[in-house]
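K.L.:
Quick one: this structure, given as structure tokens, is what I'll be asking you about.
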Amino acid sequence: MADPTPIISQLTNLVNKQGFIYAYCTLVLKNIAIAPSDILDVNWTNRLNHKELSFLLGLMIKNPITLELPKCKFSFERQQKKAGRLLEELHNSVSLSEFPSFSDLQSEKFNSVEEILKLQPLVEPIFYDNPGAYDFQWLELASYRYAYDEEWFENSLGISIQSMINIAVEIKGTRANPRENECANTDLLDVFCIDPTQLHSEPAETVNRFFDLFSCQPGEANKKFDHINDVNDAEITPLIMLDQRYFLADHTFLNQSIYESPYYWMCEDNKYSQQALRNRGPATERIVYHILFDSNQNGRTYQGVNILKGKQIKAEIDVLFVYSNKAFVVQVKSKKLTALAKRGDRSKLKNDFQIACQGAYTQGLSCRSLILNDNTVKLVNNKGSRVNISSVDEIYILCITGDSYPALQAQQRALLEKKEGDPFPLIMSVFDLEIICSLLKDQIDLLYYVSQRTGLGNQYIMNSEMEILGLHLRSPLGKSRDFDVVVPEPQLANVVDVLFPASKGQPLPGVDTSTVISSYWTENTKSLHAELKHLGGPFVVDVIFSFYGLTSEFADRVVSTFDSAKMQTMLDGKMHDCSFRLEGGELGITLTSFPIYFTSAQVRSICFKLALRHKSDADKWFGLISIQTSSSVVDGYWFMNRNWSSPQIKIRNILT
């Protein structure tokens, strides 16, 4: 196994060299200060990430930082190159330290992809994971996170969470945000340093208190900082004191600390620690509830739902989302990785995962089983009102962490315990949930994404949820017929980097989001989807899901054929129909246009017979209905499952 200690020692010596802070500033500008117009094309795997830069800074603040300039330009450039080389060696060392040897792999017999994935290395993805949220998300959700702790903030810290947010926003707004090539003739420290006396969003006393809380003195910090996943004062107190100014490498460090650090300060308060623990669950549930409620006005969202059998509470759902015949059972946990887990202690990793994710999954499975398999249970929300779920035929399990939980995808592959036949959960942070709901504003699109993420299991292997979301934004997710395993390109996440800030009212300057992705569906197909949604009915989601499984070209062919059938009926006054059966027998489609003289009962009878005729031809079969004189694209539908005795039929009320 490779030992990273010698490399860390070399890095420690390097950061103490004269003028290294200037080399560090340049490394930050080169690697994370990207021009907005370049975001889509950035290959982040070829750059130092936030964790590597915070690790370097953590080593720097172990000793006093000299502000002397480098001895010469050559020394300055050499320091940059050496830091980059050593960090690359460190990355390789960490990666190699976890991989099983080739001989060990050869001696193993694997029965499935899942068994291989259990060997997933975890220390490397945990340390080299992305920050877990966009810088503005930390602040946006911090006010919800500490909504029940306002009195403690004022009494114990002397500053409110809202004042912290205000100051952080002002710092970002007043600080320069240059690119590397714009700093050639600028004092680099001027770019990165903050003068508290120039901040006026809060009274001077409040500003000073803020800097007291989030700053550290080089030479007095990180006395026990020796490993890549050790607690790092550069992340907890990222405002580094340099003379009369404060050095801030990146806004993300500060905003993340505002979101995370107060909780640890509460836990150190013996009088308040238990209350702080009690507040975390309800606060995180509230965040999840508002994300789902605010982005899905046409769905039904409930917080604190009890599943009752008689008067006995059999299970509890933190947040329930219902749309048509589909639902999310959302179980929320507030748990961070412990220090030992981050350092690779497999038992600690598993224990943390058990608390943060496995337990939530087990609870979700229990709730799902009760709702789908026991028609005697009833659901009651936290206001005492009955929740109607009689039409729900599928439930997806979401496990949400209240904190950024690094390398969740890797940990799920390696640590999730799941029985064969049980559905996969969708495990993510509250930040990822907000991103997904912001970009998938259409409820059926959101439902489809979750259905595919849980239905496809481990077929898609990615580093982050954003990679597969970026893939879905380009074209709907679906099972690959050609590969057992699909690995999305990491750069697909760049699509989200552009679209999500714009969806929150913070578009990247000079970037036209309308050109980032082109619509997968033609206008005709989108019109059909819209009218199906307007028709509603308990199985409209299944019909539209079926469309999502088609290629754009085939879907457009279906719509064109449907239009042609309707045109024929308008010309000759006769019924016309056409059927398709997809290769593989998973889906069939029937298109039928009816003349106006048919009664509603006749149409239903014909659709019923068509459904029974095709019942054994495919796993699922749906039909689209049009009426001769209607101006609508579609006037009804039917849906049939191979296992059903009769179809579900929905027709617009325009026939006698």
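Ordering of the structure tokens sets the chain letters (A, B, ...); residue numbers start at 1 within each chain; ligands are numbered from 1 in the order shown.
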Could you pull out the residues in range 2-96 of chain A that DSSP calls alpha helix (DSSP H) from the backbone, as a count of residues only?
P.N.:
59
K.L.:
Could you pull the residues within 9 Å of Arg604 in chain A, counting only C-alpha atoms, minus those fewer than 5 positions along the same chain, as a ChimeraX atom specification?
P.N.:
/A:599,609,649-651
K.L.:
Please dump the current selection as a short mmCIF file (atom, residue, chain, number, x, y, z; two decimals), in the first residue's frame; keep C-alpha atoms.
P.N.:
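Full text of selection-v5.cif as output:
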```
data_model
loop_
_atom_site.label_atom_id
_atom_site.label_comp_id
_atom_site.auth_asym_id
_atom_site.auth_seq_id
_atom_site.Cartn_x
_atom_site.Cartn_y
_atom_site.Cartn_z
CA THR A 599 -71.21 7.29 -28.25
CA LYS A 609 -61.61 -4.93 -26.68
CA ILE A 649 -59.74 4.23 -19.78
CA LYS A 650 -60.00 8.04 -19.73
CA ILE A 651 -62.04 9.97 -22.34
#
```
K.L.:
Which residues are near Asn166 in chain A? Cut-off 9 Å, only C-alpha atoms, ignore same chain within fewer than 4 positions. Put them as a list in words.
P.N.:
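Here the answer would be Ile161, Gln162, Glu170, Ile171, Ser201 and Glu202 of chain A.
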K.L.:
With N, CA and C atoms retained, export the selected residues as a short mmCIF file (atom, residue, chain, number, x, y, z; two decimals), in the first residue's frame.
P.N.:
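Saved to part-v5.cif:
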```cif
data_model
loop_
_atom_site.label_atom_id
_atom_site.label_comp_id
_atom_site.auth_asym_id
_atom_site.auth_seq_id
_atom_site.Cartn_x
_atom_site.Cartn_y
_atom_site.Cartn_z
N ILE A 161 -28.23 34.15 12.61
CA ILE A 161 -27.85 33.45 11.37
C ILE A 161 -28.09 34.36 10.17
N GLN A 162 -29.14 35.19 10.23
CA GLN A 162 -29.41 36.08 9.10
C GLN A 162 -28.32 37.13 8.95
N GLU A 170 -22.44 40.18 1.36
CA GLU A 170 -21.75 41.44 1.09
C GLU A 170 -20.29 41.19 0.72
N ILE A 171 -19.65 40.26 1.41
CA ILE A 171 -18.24 39.95 1.10
C ILE A 171 -18.12 39.52 -0.35
N SER A 201 -23.17 46.07 5.76
CA SER A 201 -24.51 45.47 5.75
C SER A 201 -25.04 45.25 7.16
N GLU A 202 -24.14 45.18 8.14
CA GLU A 202 -24.50 45.01 9.54
C GLU A 202 -23.68 45.99 10.37
#
```
K.L.:
Set the distance at 8 Å and use only C-alpha atoms: which residues neighbour Glu124 in chain A once local chain neighbours fewer than 5 positions away are removed? I'd like the list as a list in words.
P.N.:
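Counting only C-alpha atoms, the residues come to His91, Val94 and Ser95 of chain A.
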